[in-house]
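Chemist: This is the structure I want to talk about, given as structure tokens.
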Amino acid sequence: MSKAQLEERAVELTALAQDLRFHIIDMVFKAQSGHISPGLGAADIVTSLFFEVMNIDPKKPKMADRDRFVLSKGHSCPVLYAVLAMRGFFPVEELDTLRQLGSRLQGHPVAGYLPGVEVTSGSLGMGASQAVGIALEGRMLHREYNVFALTGDGELNEGVIWEAAMSAAKFKLGNLVFIVDRNNMQTDGNCDVVMPTEPLDKKFEAFNWKVMKMDGHNIPEVVATLEAARDYREGPVCIIAKTTKGKGVSFMENVSEWHAKAPNAEEYKLAVAEVRGGQA
């Protein structure tokens, strides 16, 4: 894709990302429960993956060579549910059932409930480990698919992340991409205070990963970086994506209390107006 084509496509993807943010806000408001700001911050990355980068077919959700997406930070599942619905894996109307008794859209993703949900995740670090296993399976079965795992930077506190990183490097999994959502915030506070991980790039390089960096809200840069990571086949890739938690809603950005808080009616109206460009 040429630079001009990418910039034109980025306009479309930006609009889709804003639609995705609307659905996240709408779902959590209607449920009055759920994690809202983590998904808002990851919306541009997830939109780029599902609408541009990954090889997927909603009509064939179990296609053998489909690319796999693993939401390791499973608490931010509204972003996954919303993008799957927007992409056509299940009806958009079902988003209204988030966290309801009997719903397929539970508070953390459950494999087998919804087409497009590859793994059950939520226990932090487990999704990253599962992604390594899925990538290794692809290698063993001579499949061409890629595995993209979205992790939180707070999630990197989990030791199992680094066990997975060692395994991925040992097996030279060139079909595996970790995307670290680097917003520097977690439930207990600032990541660099709770448990510092910098220099993060040097850590992954020391584990023999290829490291790339990107602005997680610059869609042309996001698409180009994801495609470059996908096409790098010599070993696993870690993309460190600089993001803003709560991106798109000014009063939620970088405010820790919005990690798992549902908006009231007035806050909902204000948030929707921002992501809808002034139209509530």
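Starting from 1 in every chain, residues are counted up; chains themselves are A, B, ... following the order of the structure tokens, and ligands are numbered from 1 as listed.
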Counting only C-alpha atoms, which residues in segment 16-102 of chain A sit no more than 8 Å from segment 253-263 of chain A? For each one, give the nearest pair of atoms and the distance in Å, sorted by chain then residue number, as a Markdown table.

Modeler:
```
| residue | atom | partner | partner_atom | distance |
| --- | --- | --- | --- | --- |
| A:Val28 | CA | A:Ala262 | CA | 5.8 |
| A:Phe29 | CA | A:Ala262 | CA | 5.5 |
| A:Gln32 | CA | A:Ala262 | CA | 5.1 |
| A:Ser33 | CA | A:Ala262 | CA | 5.5 |
| A:Gly34 | CA | A:Ala260 | CA | 5.6 |
| A:His35 | CA | A:Ala260 | CA | 4.2 |
| A:Ile36 | CA | A:His259 | CA | 6.1 |
| A:Ser37 | CA | A:His259 | CA | 5.2 |
| A:Pro38 | CA | A:His259 | CA | 6.4 |
```

Chemist: Can you pull out every residue within 7 Å of segment 111-120 of chain A, counting only C-alpha atoms, but drop anything in the same chain fewer than 4 positions away, and send it as number ranges by chain?

Modeler: A: 61, 68-70, 84, 89, 104

Chemist: Show me a table, sorted first by chain and then by increasing residue number, of the residues of segment 15-126 of chain A having an atom at most 10 Å from segment 209-230 of chain A, each with its shortest atom pair and the distance in Å to one decimal, counting only C-alpha atoms and written as CSV.

Modeler:
```
residue,atom,partner,partner_atom,distance
A:Ala17,CA,A:Ile219,CA,9.5
A:Gly41,CA,A:His217,CA,8.2
A:Ala42,CA,A:Gly216,CA,7.5
A:Ala43,CA,A:His217,CA,8.4
A:Asp44,CA,A:His217,CA,5.7
A:Ile45,CA,A:Gly216,CA,6.2
A:Val46,CA,A:Val222,CA,9.9
A:Thr47,CA,A:Ile219,CA,9.1
A:Ser48,CA,A:Val223,CA,6.0
A:Leu49,CA,A:Val223,CA,7.7
A:Glu52,CA,A:Val223,CA,7.5
A:Val53,CA,A:Glu227,CA,6.4
A:Met54,CA,A:Arg230,CA,8.9
```

Chemist: Write the residues of the preceding selection, restricted to N, CA and C atoms, as a tab-separated table (two decimals), in the first residue's frame.

Modeler:
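So result_15.tsv came out as:
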```tsv
chain	number	residue	atom	x	y	z
A	17	ALA	N	-12.72	3.45	14.22
A	17	ALA	CA	-12.23	3.45	15.61
A	17	ALA	C	-13.12	4.28	16.51
A	41	GLY	N	-8.44	3.19	24.92
A	41	GLY	CA	-7.04	3.40	24.58
A	41	GLY	C	-6.52	2.46	23.51
A	42	ALA	N	-7.12	1.28	23.41
A	42	ALA	CA	-6.66	0.28	22.44
A	42	ALA	C	-7.45	0.29	21.15
A	43	ALA	N	-8.44	1.16	21.03
A	43	ALA	CA	-9.38	1.11	19.90
A	43	ALA	C	-8.70	1.27	18.54
A	44	ASP	N	-7.72	2.16	18.44
A	44	ASP	CA	-7.07	2.38	17.15
A	44	ASP	C	-6.27	1.15	16.71
A	45	ILE	N	-5.63	0.51	17.66
A	45	ILE	CA	-4.85	-0.69	17.36
A	45	ILE	C	-5.77	-1.83	16.95
A	46	VAL	N	-6.83	-2.06	17.71
A	46	VAL	CA	-7.74	-3.16	17.43
A	46	VAL	C	-8.47	-2.95	16.11
A	47	THR	N	-8.88	-1.72	15.85
A	47	THR	CA	-9.52	-1.42	14.56
A	47	THR	C	-8.59	-1.73	13.40
A	48	SER	N	-7.34	-1.31	13.51
A	48	SER	CA	-6.37	-1.55	12.44
A	48	SER	C	-6.14	-3.04	12.21
A	49	LEU	N	-6.10	-3.80	13.27
A	49	LEU	CA	-5.92	-5.25	13.14
A	49	LEU	C	-7.09	-5.90	12.43
A	52	GLU	N	-7.93	-4.17	8.75
A	52	GLU	CA	-6.90	-3.94	7.74
A	52	GLU	C	-5.82	-5.00	7.71
A	53	VAL	N	-5.31	-5.41	8.86
A	53	VAL	CA	-4.06	-6.17	8.90
A	53	VAL	C	-4.28	-7.68	8.92
A	54	MET	N	-5.25	-8.16	9.68
A	54	MET	CA	-5.39	-9.59	9.88
A	54	MET	C	-6.16	-10.26	8.73
```

Chemist: I'd like the neighbourhood of segment 191-193 of chain A as a ChimeraX atom specification, where a residue qualifies if any of its atoms comes within 10 Å (using only C-alpha atoms), though same-chain residues fewer than 4 positions away should be ignored.

Modeler: /A:153-157,182-187,197-198

Chemist: Report, in Å to a single decimal, how far apart atom CA of Phe148 of chain A and atom CA of Leu200 of chain A are.

Modeler: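 It comes out at 18.7 Å.
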
Chemist: I'd like the interatomic distance between atom CA of Arg9 of chain A and atom CA of Ile56 of chain A, to a tenth of an Å.

Modeler: 18.2 Å

Chemist: Among segment 190-233 of chain A, which residues carry a DSSP assignment of strand (DSSP E), reported as a VMD selection string?

Modeler: chain A and resid 190 210 to 215

Chemist: Go through A:Gly122, A:Leu40, A:Ala10, A:Ile24 one by one, measure the shortest atom-to-atom distance of each to Met252 of chain A using only C-alpha atoms, and give the residue with the smallest value.

Modeler: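 Answer, going by the shortest atom-to-atom distance: A:Leu40.
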
Chemist: Tell me, as a compact mmCIF listing (two decimals) with C-alpha atoms, in the first residue's frame, which residues lie within 9 Å of segment 265-269 of chain A, counting only C-alpha atoms; anything in the same chain fewer than 4 positions away does not count.

Modeler:
```txt
# COMPACT_ATOMS: atom_id res chain seq x y z
CA ILE A 25 -19.08 3.50 26.05
CA ASP A 26 -22.61 2.40 25.18
CA PHE A 29 -23.18 2.41 30.32
CA ALA A 273 -20.73 13.63 22.12
CA GLU A 274 -16.94 13.61 22.10
CA ALA A 280 -24.74 12.95 21.32
```

Chemist: Fewer than 5 positions away in the same chain doesn't count, so skip those; otherwise give me all residues within 7 Å of Ala169 of chain A, counting only C-alpha atoms, as a ChimeraX atom specification.

Modeler: /A:207-209,235-236

Chemist: Just list the residues in segment 18-102 of chain A DSSP gives alpha helix (DSSP H) on the backbone, as a PDB file with C-alpha atoms, in the first residue's frame.

Modeler:
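Now in selection_11.pdb:
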```pdb
ATOM      1  CA  GLN A  18     -14.568   6.192  16.768  1.00  0.00           C
ATOM      2  CA  ASP A  19     -17.542   3.899  16.163  1.00  0.00           C
ATOM      3  CA  LEU A  20     -15.742   1.289  18.211  1.00  0.00           C
ATOM      4  CA  ARG A  21     -15.269   3.773  21.045  1.00  0.00           C
ATOM      5  CA  PHE A  22     -18.975   4.601  20.928  1.00  0.00           C
ATOM      6  CA  HIS A  23     -19.908   0.942  21.325  1.00  0.00           C
ATOM      7  CA  ILE A  24     -17.531   0.525  24.267  1.00  0.00           C
ATOM      8  CA  ILE A  25     -19.077   3.504  26.054  1.00  0.00           C
ATOM      9  CA  ASP A  26     -22.614   2.396  25.177  1.00  0.00           C
ATOM     10  CA  MET A  27     -22.086  -1.187  26.338  1.00  0.00           C
ATOM     11  CA  VAL A  28     -20.564  -0.284  29.693  1.00  0.00           C
ATOM     12  CA  PHE A  29     -23.182   2.409  30.318  1.00  0.00           C
ATOM     13  CA  LYS A  30     -26.080   0.037  29.645  1.00  0.00           C
ATOM     14  CA  ALA A  31     -24.512  -2.696  31.768  1.00  0.00           C
ATOM     15  CA  SER A  37     -10.877   3.219  29.572  1.00  0.00           C
ATOM     16  CA  PRO A  38      -8.573   0.291  28.629  1.00  0.00           C
ATOM     17  CA  GLY A  39     -10.647  -0.404  25.523  1.00  0.00           C
ATOM     18  CA  LEU A  40     -10.828   3.255  24.517  1.00  0.00           C
ATOM     19  CA  GLY A  41      -7.041   3.404  24.580  1.00  0.00           C
ATOM     20  CA  ALA A  42      -6.656   0.277  22.440  1.00  0.00           C
ATOM     21  CA  ALA A  43      -9.375   1.112  19.902  1.00  0.00           C
ATOM     22  CA  ASP A  44      -7.070   2.377  17.146  1.00  0.00           C
ATOM     23  CA  ILE A  45      -4.854  -0.695  17.364  1.00  0.00           C
ATOM     24  CA  VAL A  46      -7.744  -3.164  17.434  1.00  0.00           C
ATOM     25  CA  THR A  47      -9.519  -1.417  14.562  1.00  0.00           C
ATOM     26  CA  SER A  48      -6.369  -1.555  12.442  1.00  0.00           C
ATOM     27  CA  CYS A  77     -13.109  -7.203  26.449  1.00  0.00           C
ATOM     28  CA  PRO A  78     -15.657  -4.523  25.431  1.00  0.00           C
ATOM     29  CA  VAL A  79     -13.179  -3.492  22.721  1.00  0.00           C
ATOM     30  CA  LEU A  80     -13.017  -7.093  21.458  1.00  0.00           C
ATOM     31  CA  TYR A  81     -16.777  -7.653  21.553  1.00  0.00           C
ATOM     32  CA  ALA A  82     -17.419  -4.382  19.767  1.00  0.00           C
ATOM     33  CA  VAL A  83     -14.944  -4.974  16.961  1.00  0.00           C
ATOM     34  CA  LEU A  84     -16.169  -8.537  16.397  1.00  0.00           C
ATOM     35  CA  ALA A  85     -19.736  -7.277  16.091  1.00  0.00           C
ATOM     36  CA  MET A  86     -18.724  -4.429  13.788  1.00  0.00           C
ATOM     37  CA  ARG A  87     -16.745  -6.874  11.654  1.00  0.00           C
TER      38      ARG A  87
END
```

Chemist: Mind giving me the straight-line distance from atom CA of Asn264 of chain A to atom CA of Gly277 of chain A in Å, one decimal?

Modeler: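 Between these atoms lies a distance of 19.9 Å.
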
Chemist: Between A:Ile240, A:Ile134, A:Ile179, A:Val194, single out the one closest to Asp67 of chain A, counting only C-alpha atoms.

Modeler: A:Ile134

Chemist: Under the rule that only C-alpha atoms are counted, which of A:Gly133, A:Gly88, A:Gly74, A:Gly138 is the nearest residue to Thr151 of chain A?

Modeler: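 Closest residue, counting only C-alpha atoms: A:Gly74.
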